[in-house]
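Heads up, structure17.cif below (mmCIF, C-alpha atoms and all ligand atoms):
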data_run
loop_
_atom_site.label_atom_id
_atom_site.label_comp_id
_atom_site.auth_asym_id
_atom_site.auth_seq_id
_atom_site.Cartn_x
_atom_site.Cartn_y
_atom_site.Cartn_z
CA MET A 602 24.51 11.69 -51.70
CA TYR A 603 28.29 11.64 -51.23
CA PHE A 604 28.41 7.88 -50.94
CA ASN A 605 26.25 4.80 -50.72
CA PRO A 606 27.09 1.35 -49.33
CA ASP A 607 28.89 0.44 -52.57
CA THR A 608 31.02 3.58 -52.90
CA LEU A 609 34.79 3.23 -52.70
CA ALA A 610 37.19 5.88 -51.48
CA PHE A 611 40.97 5.89 -51.60
CA VAL A 612 42.51 6.05 -48.13
CA ASP A 613 46.24 5.68 -47.50
CA GLY A 614 47.07 3.33 -50.32
CA GLU A 615 43.87 1.31 -50.42
CA PHE A 616 40.45 1.46 -52.01
CA VAL A 617 38.04 1.05 -49.10
CA LYS A 618 34.29 1.21 -48.59
CA ALA A 619 33.50 4.91 -48.13
CA ASP A 620 31.14 4.23 -45.24
CA GLN A 621 33.92 2.46 -43.38
CA ALA A 622 36.62 5.13 -43.71
CA GLN A 623 37.37 6.46 -40.26
CA VAL A 624 39.44 9.10 -38.54
CA SER A 625 40.40 9.49 -34.88
CA SER A 626 38.56 12.17 -32.93
CA TYR A 627 42.00 13.02 -31.51
CA ALA A 628 43.37 13.83 -35.00
CA GLN A 629 45.41 17.03 -35.17
CA SER A 630 43.55 18.06 -38.33
CA LEU A 631 40.19 17.92 -36.66
CA HIS A 632 41.21 20.11 -33.73
CA TYR A 633 43.05 22.81 -35.67
CA GLY A 634 41.62 22.75 -39.21
CA TYR A 635 45.09 21.59 -40.19
CA ALA A 636 44.48 19.83 -43.48
CA VAL A 637 44.57 20.77 -47.16
CA PHE A 638 42.33 19.73 -50.00
CA GLU A 639 41.47 20.09 -53.67
CA GLY A 640 38.28 20.32 -55.65
CA ILE A 641 38.61 18.77 -59.11
CA ARG A 642 36.15 17.67 -61.78
CA SER A 643 36.17 14.96 -64.38
CA TYR A 644 33.98 14.98 -67.45
CA ALA A 645 32.68 12.43 -69.91
CA THR A 646 34.28 13.46 -73.20
CA PRO A 647 34.41 11.88 -76.67
CA ALA A 648 37.87 10.61 -75.61
CA GLY A 649 36.49 8.97 -72.45
CA THR A 650 36.62 10.25 -68.88
CA GLN A 651 38.98 13.22 -68.59
CA ILE A 652 40.04 14.90 -65.36
CA PHE A 653 40.17 18.61 -66.13
CA LYS A 654 43.61 20.08 -65.38
CA ALA A 655 44.61 17.21 -63.05
CA LYS A 656 48.23 18.38 -63.10
CA GLU A 657 47.38 21.94 -62.02
CA HIS A 658 45.13 20.69 -59.21
CA TYR A 659 47.62 18.17 -57.86
CA GLU A 660 50.41 20.75 -58.14
CA ARG A 661 48.30 23.08 -56.03
CA LEU A 662 47.72 20.27 -53.53
CA GLN A 663 51.49 19.81 -53.25
CA TYR A 664 51.93 23.56 -52.87
CA SER A 665 49.23 23.66 -50.16
CA CYS A 666 50.95 20.83 -48.25
CA LYS A 667 54.28 22.62 -48.45
CA SER A 668 52.73 25.90 -47.26
CA VAL A 669 51.55 24.35 -44.01
CA GLY A 670 54.25 21.72 -43.49
CA LEU A 671 52.14 18.64 -44.22
CA PRO A 672 54.21 15.86 -45.75
CA LEU A 673 52.85 14.32 -48.97
CA SER A 674 54.61 11.28 -50.36
CA TYR A 675 52.55 10.87 -53.56
CA SER A 676 53.63 12.29 -56.91
CA ILE A 677 51.26 14.13 -59.23
CA GLU A 678 51.33 11.17 -61.62
CA GLU A 679 50.50 8.71 -58.82
CA MET A 680 47.60 10.79 -57.54
CA THR A 681 46.25 11.25 -61.07
CA GLU A 682 46.45 7.53 -61.76
CA ILE A 683 44.74 6.69 -58.44
CA THR A 684 41.97 9.16 -59.26
CA TYR A 685 41.28 7.64 -62.68
CA ARG A 686 41.15 4.19 -61.08
CA LEU A 687 38.82 5.44 -58.34
CA LEU A 688 36.45 6.95 -60.93
CA GLU A 689 36.45 3.67 -62.81
CA LEU A 690 35.80 1.61 -59.66
CA ASN A 691 32.84 3.84 -58.85
CA ASN A 692 31.57 3.90 -62.44
CA LEU A 693 31.77 7.66 -62.62
CA SER A 694 32.66 9.91 -65.53
CA ASP A 695 31.12 13.30 -64.74
CA ALA A 696 32.27 13.64 -61.16
CA TYR A 697 33.57 15.89 -58.46
CA ILE A 698 36.87 14.75 -56.96
CA ARG A 699 37.93 15.66 -53.43
CA PRO A 700 41.48 14.83 -52.36
CA LEU A 701 42.21 15.63 -48.70
CA VAL A 702 45.60 15.51 -46.99
CA TYR A 703 45.20 15.42 -43.24
CA ALA A 704 47.12 14.75 -40.06
CA GLY A 705 45.12 11.86 -38.65
CA THR A 706 47.44 11.02 -35.78
CA PRO A 707 46.35 11.95 -32.24
CA ASN A 708 48.42 15.07 -31.67
CA MET A 709 47.51 18.24 -29.80
CA THR A 710 50.76 20.12 -30.41
CA LEU A 711 51.01 23.21 -32.58
CA LYS A 712 53.79 21.71 -34.66
CA TYR A 713 54.01 20.58 -38.26
CA ALA A 714 52.88 16.97 -38.61
CA SER A 715 55.58 14.41 -39.30
CA THR A 716 53.17 12.09 -41.13
CA SER A 717 49.98 12.63 -43.09
CA ASN A 718 47.10 10.74 -44.62
CA LEU A 719 45.68 11.05 -48.13
CA MET A 720 42.06 10.35 -48.87
CA ILE A 721 40.38 10.84 -52.23
CA ALA A 722 36.62 10.79 -52.62
CA VAL A 723 34.56 11.03 -55.83
CA TRP A 724 30.87 11.68 -56.25
CA ASP A 725 28.29 12.92 -58.72
CA TRP A 726 27.75 16.63 -58.02
CA GLY A 727 25.81 19.16 -60.08
CA LYS A 728 27.00 22.75 -60.33
CA TYR A 729 27.64 23.77 -56.70
CA LEU A 730 25.68 27.04 -56.84
CA GLY A 731 23.02 25.70 -59.22
CA ASP A 732 22.07 26.96 -62.68
CA GLN A 733 20.20 30.13 -61.80
CA CYS A 734 21.88 33.53 -61.65
CA LEU A 735 22.81 34.63 -58.16
CA ARG A 736 21.85 37.54 -55.93
CA LEU A 737 24.92 38.39 -53.88
CA SER A 738 25.47 40.51 -50.82
CA ILE A 739 28.72 42.05 -49.63
CA SER A 740 29.72 40.13 -46.53
CA PRO A 741 30.46 41.73 -43.18
CA TYR A 742 33.26 39.14 -42.98
CA GLN A 743 36.51 39.94 -44.78
CA ARG A 744 38.79 37.42 -46.46
CA PRO A 745 41.59 36.24 -44.14
CA ASN A 746 44.63 38.50 -43.96
CA PRO A 747 47.19 37.06 -46.43
CA ASN A 748 49.96 37.95 -43.98
CA ALA A 749 48.37 35.71 -41.37
CA VAL A 750 47.81 32.58 -43.45
CA PRO A 751 49.06 31.24 -46.81
CA ILE A 752 45.95 32.43 -48.63
CA GLU A 753 46.85 30.77 -51.95
CA ALA A 754 46.87 27.37 -50.26
CA LYS A 755 43.60 25.44 -49.98
CA VAL A 756 43.78 24.92 -46.25
CA SER A 757 40.72 23.40 -44.55
CA GLY A 758 40.78 25.93 -41.70
CA HIS A 759 40.42 28.84 -44.14
CA TYR A 760 36.99 27.53 -45.01
CA VAL A 761 35.51 28.50 -41.65
CA ASN A 762 35.62 32.03 -43.09
CA SER A 763 33.75 30.74 -46.17
CA ILE A 764 31.15 28.88 -44.11
CA ILE A 765 30.27 31.86 -41.94
CA ALA A 766 30.24 34.35 -44.83
CA SER A 767 28.05 32.14 -47.01
CA SER A 768 25.66 31.24 -44.20
CA GLU A 769 25.37 34.84 -43.06
CA ALA A 770 24.43 36.02 -46.59
CA ARG A 771 21.92 33.18 -46.99
CA GLY A 772 20.46 34.05 -43.59
CA ARG A 773 19.68 37.52 -44.95
CA GLY A 774 17.91 36.02 -47.98
CA PHE A 775 20.71 36.27 -50.55
CA ASP A 776 22.11 33.38 -52.59
CA GLU A 777 25.76 33.91 -51.76
CA ALA A 778 28.29 36.28 -50.20
CA LEU A 779 30.89 38.48 -51.86
CA LEU A 780 33.87 39.10 -49.59
CA LEU A 781 36.13 42.13 -49.45
CA ASP A 782 39.78 41.96 -48.49
CA MET A 783 41.29 43.61 -45.42
CA ASN A 784 41.74 46.87 -47.39
CA GLY A 785 38.12 47.07 -48.53
CA PHE A 786 38.70 45.85 -52.09
CA VAL A 787 36.42 43.23 -53.61
CA ALA A 788 38.15 39.84 -53.34
CA GLU A 789 35.99 36.80 -54.15
CA GLY A 790 33.14 34.56 -53.09
CA PRO A 791 33.38 31.93 -50.33
CA GLY A 792 34.32 29.28 -52.89
CA ALA A 793 34.63 31.01 -56.26
CA ASN A 794 36.43 33.88 -57.99
CA PHE A 795 34.57 37.01 -59.06
CA PHE A 796 34.60 38.83 -62.43
CA PHE A 797 32.61 41.85 -63.57
CA GLU A 798 32.20 43.39 -66.99
CA LYS A 799 32.10 47.02 -68.00
CA ASP A 800 32.37 48.57 -71.48
CA GLY A 801 32.98 45.17 -73.07
CA GLU A 802 35.94 44.33 -70.82
CA LEU A 803 36.40 42.02 -67.85
CA PHE A 804 37.88 42.85 -64.47
CA THR A 805 38.89 40.60 -61.59
CA ALA A 806 40.86 40.93 -58.38
CA PRO A 807 44.62 40.25 -58.60
CA PRO A 808 46.17 37.46 -56.52
CA SER A 809 46.61 38.90 -53.04
CA SER A 810 43.68 37.91 -50.86
CA ILE A 811 42.12 35.39 -53.20
CA LEU A 812 42.61 31.76 -54.09
CA ARG A 813 44.16 31.89 -57.56
CA GLY A 814 41.48 29.69 -59.10
CA ILE A 815 42.28 27.25 -61.87
CA THR A 816 38.90 28.07 -63.44
CA ARG A 817 39.76 31.77 -63.12
CA ASN A 818 42.97 31.19 -65.08
CA THR A 819 41.11 29.13 -67.68
CA ILE A 820 38.48 31.85 -68.12
CA ILE A 821 41.17 34.52 -68.49
CA ASP A 822 42.80 32.40 -71.23
CA LEU A 823 39.46 31.76 -72.98
CA ALA A 824 38.57 35.46 -72.82
CA ARG A 825 41.89 36.56 -74.25
CA GLU A 826 41.60 33.95 -77.03
CA ALA A 827 38.22 35.46 -77.84
CA GLY A 828 39.75 38.94 -78.00
CA ILE A 829 38.18 40.11 -74.73
CA ASN A 830 40.36 42.32 -72.53
CA VAL A 831 40.81 41.10 -68.96
CA THR A 832 42.32 43.37 -66.33
CA GLU A 833 43.43 42.19 -62.90
CA LYS A 834 43.13 45.12 -60.52
CA PHE A 835 42.00 46.15 -57.06
CA PHE A 836 38.52 47.69 -57.05
CA THR A 837 36.10 48.79 -54.36
CA PRO A 838 32.37 47.95 -54.34
CA ASP A 839 31.72 51.56 -55.52
CA GLU A 840 33.58 50.85 -58.73
CA LEU A 841 30.98 48.23 -59.58
CA GLN A 842 28.51 51.03 -60.36
CA GLY A 843 28.04 51.04 -64.11
CA ALA A 844 29.07 47.38 -64.48
CA THR A 845 26.80 45.55 -66.91
CA GLY A 846 27.33 42.01 -65.68
CA ALA A 847 29.28 39.73 -63.34
CA PHE A 848 29.94 36.06 -62.74
CA PHE A 849 31.66 33.61 -60.43
CA THR A 850 34.14 30.93 -61.51
CA GLY A 851 35.22 27.79 -59.67
CA THR A 852 35.64 24.08 -60.24
CA ALA A 853 32.53 23.19 -58.24
CA ALA A 854 30.41 26.15 -59.40
CA GLU A 855 31.91 26.23 -62.95
CA VAL A 856 30.77 29.58 -64.44
CA ILE A 857 27.64 31.12 -62.97
CA GLY A 858 26.02 34.48 -63.63
CA ILE A 859 25.31 37.15 -61.02
CA THR A 860 22.24 39.37 -61.33
CA SER A 861 22.79 41.72 -58.40
CA ILE A 862 25.01 42.68 -55.49
CA ASP A 863 22.88 44.15 -52.69
CA ASP A 864 21.00 47.06 -54.36
CA LEU A 865 23.10 47.08 -57.50
CA VAL A 866 21.32 45.25 -60.33
CA PHE A 867 23.34 44.58 -63.48
CA SER A 868 21.75 46.13 -66.56
CA THR A 869 22.44 43.43 -69.16
CA PRO A 870 20.47 40.15 -69.03
CA TYR A 871 22.96 37.35 -68.25
CA GLN A 872 22.24 35.60 -71.60
CA ASP A 873 23.68 38.67 -73.35
CA THR A 874 26.84 39.02 -71.24
CA LEU A 875 30.43 38.00 -71.85
CA GLY A 876 30.06 35.72 -68.83
CA HIS A 877 27.47 33.68 -70.68
CA VAL A 878 29.67 33.42 -73.77
CA LEU A 879 32.60 32.27 -71.63
CA ALA A 880 30.44 29.79 -69.71
CA GLU A 881 29.62 28.11 -73.04
CA ARG A 882 33.25 28.09 -74.09
CA TYR A 883 34.27 26.67 -70.72
CA HIS A 884 31.71 23.89 -71.02
CA ALA A 885 32.92 23.08 -74.51
CA LEU A 886 36.53 22.98 -73.30
CA VAL A 887 35.96 20.69 -70.32
CA THR A 888 33.65 18.29 -72.15
CA GLY A 889 35.70 18.29 -75.35
CA VAL A 890 32.57 19.01 -77.36
CA THR A 891 32.28 22.00 -79.68
CA ILE A 892 29.69 24.67 -78.96
CA GLU A 893 27.75 23.71 -82.12
CA GLN A 894 27.57 20.03 -81.00
CA ASN A 895 26.36 21.16 -77.58
CA ALA A 896 23.54 23.31 -78.92
N1 LIG A 901 38.19 30.82 -54.31
C1 LIG A 901 37.97 29.98 -53.28
C2 LIG A 901 37.98 30.51 -51.90
C3 LIG A 901 37.71 28.63 -53.55
O1 LIG A 901 37.48 27.78 -52.54
C4 LIG A 901 37.69 28.17 -54.88
C5 LIG A 901 37.40 26.72 -55.17
N2 LIG A 901 38.57 25.95 -55.17
C6 LIG A 901 37.95 29.08 -55.91
C7 LIG A 901 38.20 30.41 -55.58
C8 LIG A 901 38.00 28.64 -57.32
O2 LIG A 901 39.15 27.87 -57.54
P1 LIG A 901 39.22 26.78 -58.69
O3 LIG A 901 38.79 27.47 -59.94
O4 LIG A 901 40.64 26.38 -58.71
O5 LIG A 901 38.30 25.70 -58.30
#
Is it possible to express this structure as C-alpha cells?
Amino acid sequence: MYFNPDTLAFVDGEFVKADQAQVSSYAQSLHYGYAVFEGIRSYATPAGTQIFKAKEHYERLQYSCKSVGLPLSYSIEEMTEITYRLLELNNLSDAYIRPLVYAGTPNMTLKYASTSNLMIAVWDWGKYLGDQCLRLSISPYQRPNPNAVPIEAKVSGHYVNSIIASSEARGRGFDEALLLDMNGFVAEGPGANFFFEKDGELFTAPPSSILRGITRNTIIDLAREAGINVTEKFFTPDELQGATGAFFTGTAAEVIGITSIDDLVFSTPYQDTLGHVLAERYHALVTGVTIEQNA
C-alpha cells in the first residue's frame, strides 16, 4: 500500500527504489524516537498537481528540527522542488507526502545528532479517518506535558502517546480518542485538532498542549471569511454539554465530523453543521475547484 516494487523514495539526495531504502538498527532515531516528520498532501487541481501549503509544512519541519537539535541542510525551496519531482516520478497527483528527518548513524548517546538524513515518501492515501462521522472517547492518556517536550514540533517520539491513546479507544469500541491536556482541558485527537460548535460559533483549544495544525489554521481562516466566529479557549469536557456539533481537522484526516464523545451525542446531524460547510470549503480550496463545480 505504501509502496510497490516500482515506487521511488527520496533518500539523502537520491531517488531510490522504496523497497531498497534501509536504515541501521543501531540508528539513534530508532532507539530514542529522535526524528521529526511532516504530513503533507498534494492535490490534482485545474492548474496541475499542487502541494497544499508546502511552505508552511516545510517551515514546520525546519522548526521541528531546530527544536530537537537535528541538523537539516535543505532549504524549503529545495525540499518543495524535490517533492514535486518525486510526485512526478511516481505518477501521483492526489497524494500524501511524508518527509522524515532522522539520525541514522549508529549512536547510543543522549546528545544532539551532528548529522541527519532526509527521506521523503509519497503514496496514495484516502482520508486517514475515513468518510464516516466518528464516535470518540475521552482518553485516559493525557497529551504530553508541553514543559517536558517541544509539543509544537512534530517529533516522532511524541507519537507513542498518539498510538497508545488511539489504540486504547479503538480497543473499547470507539473510532478515535480525544485527549485532554495535563490540566484536564480538552486538547486534540491523536493526529488531528478538535473543534466544537455551540450557538452558531466555533471553539477550539489554544496552542499550549496541541500541535498547531496547518489545517486548523486554514479552517479558522475559512470560518472567519464566512463570517463564523471562532474562539480559541481552554474548555473542559463538561463544557461540551449543549454543543451541537464537532469535527477534527488534519492534513491526513482533512475535515471529519464527530457524532459523539462517550455518552454525549451532538444534536445536529453533521450535514447541517458548520463543520460540514467548512469541509466543503476546505475541499474546494485544496483542489482549486469551486463548490458548485464539485457538486
Ligand atoms: N495534531 C496532531 C497531534 C497531529 O499529528 C496532526 C497532524 N499533523 C494535527 C494535529 C493536524 O496538523 P496539520 O493540520 O498540520 O496536519
Around all of ligand LIG 901 (chain A)'s listed atoms, make the axis-aligned box with 5 Å on each side and tell me centre and edge lengths in Å to one decimal, as AutoDock Vina command-line options.
--center_x 39.0 --center_y 28.3 --center_z -55.9 --size_x 13.2 --size_y 15.1 --size_z 18.0
How would you write, as a short mmCIF file (atom, residue, chain, number, x, y, z; two decimals) with C-alpha atoms, keeping the file's coordinate frame, the set of residues no farther than 8 Å from ligand LIG 901 (chain A) when counting only C-alpha atoms and all ligand atoms?
data_model
loop_
_atom_site.label_atom_id
_atom_site.label_comp_id
_atom_site.auth_asym_id
_atom_site.auth_seq_id
_atom_site.Cartn_x
_atom_site.Cartn_y
_atom_site.Cartn_z
CA GLU A 639 41.47 20.09 -53.67
CA GLY A 640 38.28 20.32 -55.65
CA ILE A 641 38.61 18.77 -59.11
CA HIS A 658 45.13 20.69 -59.21
CA LYS A 755 43.60 25.44 -49.98
CA TYR A 760 36.99 27.53 -45.01
CA SER A 763 33.75 30.74 -46.17
CA GLU A 789 35.99 36.80 -54.15
CA GLY A 790 33.14 34.56 -53.09
CA PRO A 791 33.38 31.93 -50.33
CA GLY A 792 34.32 29.28 -52.89
CA ALA A 793 34.63 31.01 -56.26
CA ASN A 794 36.43 33.88 -57.99
CA ILE A 811 42.12 35.39 -53.20
CA LEU A 812 42.61 31.76 -54.09
CA ARG A 813 44.16 31.89 -57.56
CA GLY A 814 41.48 29.69 -59.10
CA ILE A 815 42.28 27.25 -61.87
CA THR A 816 38.90 28.07 -63.44
CA ARG A 817 39.76 31.77 -63.12
CA ASN A 818 42.97 31.19 -65.08
CA THR A 850 34.14 30.93 -61.51
CA GLY A 851 35.22 27.79 -59.67
CA THR A 852 35.64 24.08 -60.24
CA ALA A 853 32.53 23.19 -58.24
CA ALA A 854 30.41 26.15 -59.40
CA GLU A 855 31.91 26.23 -62.95
#
For A:Thr684, find every residue with an atom within 9 Å (counting all atoms listed in the file), except residues of its own chain fewer than 2 positions away, and show them as an NGL selection string. :A and (611 or 652 or 679-682 or 686-689 or 698 or 700 or 721-723)
Same residues, C-alpha atoms, output as a compact mmCIF listing (two decimals), keeping the file's coordinate frame:
# COMPACT_ATOMS: atom_id res chain seq x y z
CA PHE A 611 40.97 5.89 -51.60
CA ILE A 652 40.04 14.90 -65.36
CA GLU A 679 50.50 8.71 -58.82
CA MET A 680 47.60 10.79 -57.54
CA THR A 681 46.25 11.25 -61.07
CA GLU A 682 46.45 7.53 -61.76
CA ARG A 686 41.15 4.19 -61.08
CA LEU A 687 38.82 5.44 -58.34
CA LEU A 688 36.45 6.95 -60.93
CA GLU A 689 36.45 3.67 -62.81
CA ILE A 698 36.87 14.75 -56.96
CA PRO A 700 41.48 14.83 -52.36
CA ILE A 721 40.38 10.84 -52.23
CA ALA A 722 36.62 10.79 -52.62
CA VAL A 723 34.56 11.03 -55.83
Can I get the residues of stretch 699-794 of chain A within 12 Å of stretch 602-605 of chain A, each with the closest pair of atoms and their distance in Å to one decimal, using only C-alpha atoms, sorted chain first then ascending number, as a Markdown table?
| residue | atom | partner | partner_atom | distance |
| --- | --- | --- | --- | --- |
| A:Arg699 | CA | A:Tyr603 | CA | 10.7 |
| A:Ala722 | CA | A:Tyr603 | CA | 8.5 |
| A:Val723 | CA | A:Tyr603 | CA | 7.8 |
| A:Trp724 | CA | A:Tyr603 | CA | 5.6 |
| A:Asp725 | CA | A:Tyr603 | CA | 7.6 |
| A:Trp726 | CA | A:Tyr603 | CA | 8.4 |
| A:Gly727 | CA | A:Met602 | CA | 11.3 |
Distance atom CA of A:Ser717-atom CA of A:Val617, one decimal place?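 Computed distance, atom CA of A:Ser717 to atom CA of A:Val617, equals 17.7 Å.
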Taking the point (34.7, 15.3, -72.3) as given in the file, collect each protein or nucleic acid residue that comes within 7 Å of it, counting all atoms listed in the file, and present the set as a list in words. Tyr644, Ala645, Thr646, Pro647, Ala648, Gly649, Thr650, Gln651, Val887, Thr888, Gly889 and Val890 of chain A
Determine, counting only C-alpha atoms, which protein, DNA and RNA residues have an atom within 10 Å of an atom of A:Asn830; residues of the same chain fewer than 6 positions away are not included. Present the result as a list in words.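 The neighbour list is Glu798, Gly801, Glu802, Leu803, Phe804, Ile821 and Ala824 of chain A.
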With a cut-off of 8 Å, could you pull out the residues of stretch 787-849 of chain A touching stretch 856-860 of chain A and give me the nearest pair of atoms for each, distance in Å to one decimal, using all atoms listed in the file, ordered by chain and ascending number, as JSON lines?
{"residue": "A:Gly846", "atom": "CA", "partner": "A:Ile859", "partner_atom": "CA", "distance": 7.0}
{"residue": "A:Ala847", "atom": "CA", "partner": "A:Ile859", "partner_atom": "CA", "distance": 5.3}
{"residue": "A:Phe848", "atom": "CA", "partner": "A:Gly858", "partner_atom": "CA", "distance": 4.3}
{"residue": "A:Phe849", "atom": "CA", "partner": "A:Ile857", "partner_atom": "CA", "distance": 5.4}
Stretch 864-892 of chain A written out with N, CA and C atoms as a PDB file, in the first residue's frame:
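Output contents, as saved in result-v3.pdb:
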ATOM      1  N   ASP A 864     -20.799   9.460  26.146  1.00  0.00           N
ATOM      2  CA  ASP A 864     -22.277   9.454  26.156  1.00  0.00           C
ATOM      3  C   ASP A 864     -22.897  10.702  25.542  1.00  0.00           C
ATOM      4  N   LEU A 865     -22.081  11.669  25.226  1.00  0.00           N
ATOM      5  CA  LEU A 865     -22.610  12.925  24.693  1.00  0.00           C
ATOM      6  C   LEU A 865     -22.797  12.809  23.181  1.00  0.00           C
ATOM      7  N   VAL A 866     -24.061  12.899  22.744  1.00  0.00           N
ATOM      8  CA  VAL A 866     -24.350  12.803  21.307  1.00  0.00           C
ATOM      9  C   VAL A 866     -24.731  14.202  20.819  1.00  0.00           C
ATOM     10  N   PHE A 867     -24.076  14.656  19.754  1.00  0.00           N
ATOM     11  CA  PHE A 867     -24.369  16.011  19.264  1.00  0.00           C
ATOM     12  C   PHE A 867     -25.749  16.039  18.603  1.00  0.00           C
ATOM     13  N   SER A 868     -26.475  17.153  18.852  1.00  0.00           N
ATOM     14  CA  SER A 868     -27.890  17.180  18.473  1.00  0.00           C
ATOM     15  C   SER A 868     -28.102  17.408  16.975  1.00  0.00           C
ATOM     16  N   THR A 869     -27.196  18.140  16.318  1.00  0.00           N
ATOM     17  CA  THR A 869     -27.429  18.481  14.915  1.00  0.00           C
ATOM     18  C   THR A 869     -26.803  17.420  14.000  1.00  0.00           C
ATOM     19  N   PRO A 870     -27.558  16.931  13.003  1.00  0.00           N
ATOM     20  CA  PRO A 870     -26.928  15.986  12.053  1.00  0.00           C
ATOM     21  C   PRO A 870     -25.734  16.670  11.389  1.00  0.00           C
ATOM     22  N   TYR A 871     -24.654  15.916  11.184  1.00  0.00           N
ATOM     23  CA  TYR A 871     -23.410  16.516  10.666  1.00  0.00           C
ATOM     24  C   TYR A 871     -23.648  17.331   9.389  1.00  0.00           C
ATOM     25  N   GLN A 872     -24.514  16.817   8.504  1.00  0.00           N
ATOM     26  CA  GLN A 872     -24.773  17.514   7.218  1.00  0.00           C
ATOM     27  C   GLN A 872     -25.249  18.944   7.431  1.00  0.00           C
ATOM     28  N   ASP A 873     -25.823  19.209   8.620  1.00  0.00           N
ATOM     29  CA  ASP A 873     -26.378  20.548   8.880  1.00  0.00           C
ATOM     30  C   ASP A 873     -25.468  21.394   9.772  1.00  0.00           C
ATOM     31  N   THR A 874     -24.235  20.958   9.978  1.00  0.00           N
ATOM     32  CA  THR A 874     -23.348  21.687  10.891  1.00  0.00           C
ATOM     33  C   THR A 874     -22.400  22.618  10.131  1.00  0.00           C
ATOM     34  N   LEU A 875     -21.793  23.522  10.882  1.00  0.00           N
ATOM     35  CA  LEU A 875     -20.770  24.397  10.306  1.00  0.00           C
ATOM     36  C   LEU A 875     -19.583  23.569   9.826  1.00  0.00           C
ATOM     37  N   GLY A 876     -19.302  22.494  10.544  1.00  0.00           N
ATOM     38  CA  GLY A 876     -18.191  21.613  10.175  1.00  0.00           C
ATOM     39  C   GLY A 876     -18.341  21.114   8.753  1.00  0.00           C
ATOM     40  N   HIS A 877     -19.570  20.747   8.394  1.00  0.00           N
ATOM     41  CA  HIS A 877     -19.823  20.238   7.051  1.00  0.00           C
ATOM     42  C   HIS A 877     -19.614  21.339   6.005  1.00  0.00           C
ATOM     43  N   VAL A 878     -20.089  22.526   6.318  1.00  0.00           N
ATOM     44  CA  VAL A 878     -19.911  23.662   5.402  1.00  0.00           C
ATOM     45  C   VAL A 878     -18.416  23.911   5.193  1.00  0.00           C
ATOM     46  N   LEU A 879     -17.661  23.888   6.295  1.00  0.00           N
ATOM     47  CA  LEU A 879     -16.224  24.177   6.200  1.00  0.00           C
ATOM     48  C   LEU A 879     -15.467  23.046   5.512  1.00  0.00           C
ATOM     49  N   ALA A 880     -15.937  21.817   5.675  1.00  0.00           N
ATOM     50  CA  ALA A 880     -15.307  20.680   4.984  1.00  0.00           C
ATOM     51  C   ALA A 880     -15.411  20.895   3.477  1.00  0.00           C
ATOM     52  N   GLU A 881     -16.580  21.363   3.024  1.00  0.00           N
ATOM     53  CA  GLU A 881     -16.767  21.614   1.582  1.00  0.00           C
ATOM     54  C   GLU A 881     -15.869  22.745   1.109  1.00  0.00           C
ATOM     55  N   ARG A 882     -15.778  23.776   1.925  1.00  0.00           N
ATOM     56  CA  ARG A 882     -14.932  24.923   1.538  1.00  0.00           C
ATOM     57  C   ARG A 882     -13.453  24.514   1.525  1.00  0.00           C
ATOM     58  N   TYR A 883     -13.084  23.666   2.466  1.00  0.00           N
ATOM     59  CA  TYR A 883     -11.692  23.192   2.519  1.00  0.00           C
ATOM     60  C   TYR A 883     -11.378  22.385   1.257  1.00  0.00           C
ATOM     61  N   HIS A 884     -12.296  21.509   0.903  1.00  0.00           N
ATOM     62  CA  HIS A 884     -12.086  20.678  -0.283  1.00  0.00           C
ATOM     63  C   HIS A 884     -11.957  21.543  -1.532  1.00  0.00           C
ATOM     64  N   ALA A 885     -12.810  22.549  -1.606  1.00  0.00           N
ATOM     65  CA  ALA A 885     -12.754  23.456  -2.761  1.00  0.00           C
ATOM     66  C   ALA A 885     -11.411  24.190  -2.787  1.00  0.00           C
ATOM     67  N   LEU A 886     -10.938  24.600  -1.618  1.00  0.00           N
ATOM     68  CA  LEU A 886      -9.670  25.343  -1.558  1.00  0.00           C
ATOM     69  C   LEU A 886      -8.495  24.466  -2.003  1.00  0.00           C
ATOM     70  N   VAL A 887      -8.417  23.254  -1.468  1.00  0.00           N
ATOM     71  CA  VAL A 887      -7.236  22.432  -1.759  1.00  0.00           C
ATOM     72  C   VAL A 887      -7.243  21.893  -3.183  1.00  0.00           C
ATOM     73  N   THR A 888      -8.432  21.703  -3.747  1.00  0.00           N
ATOM     74  CA  THR A 888      -8.490  21.146  -5.105  1.00  0.00           C
ATOM     75  C   THR A 888      -8.612  22.246  -6.157  1.00  0.00           C
ATOM     76  N   GLY A 889      -8.771  23.486  -5.696  1.00  0.00           N
ATOM     77  CA  GLY A 889      -8.863  24.602  -6.632  1.00  0.00           C
ATOM     78  C   GLY A 889     -10.119  24.553  -7.488  1.00  0.00           C
ATOM     79  N   VAL A 890     -11.137  23.868  -6.975  1.00  0.00           N
ATOM     80  CA  VAL A 890     -12.386  23.741  -7.719  1.00  0.00           C
ATOM     81  C   VAL A 890     -13.479  24.405  -6.893  1.00  0.00           C
ATOM     82  N   THR A 891     -14.357  25.149  -7.514  1.00  0.00           N
ATOM     83  CA  THR A 891     -15.399  25.826  -6.719  1.00  0.00           C
ATOM     84  C   THR A 891     -16.406  24.799  -6.217  1.00  0.00           C
ATOM     85  N   ILE A 892     -17.145  25.187  -5.193  1.00  0.00           N
ATOM     86  CA  ILE A 892     -18.114  24.270  -4.593  1.00  0.00           C
ATOM     87  C   ILE A 892     -19.167  23.861  -5.625  1.00  0.00           C
TER      88      ILE A 892
END
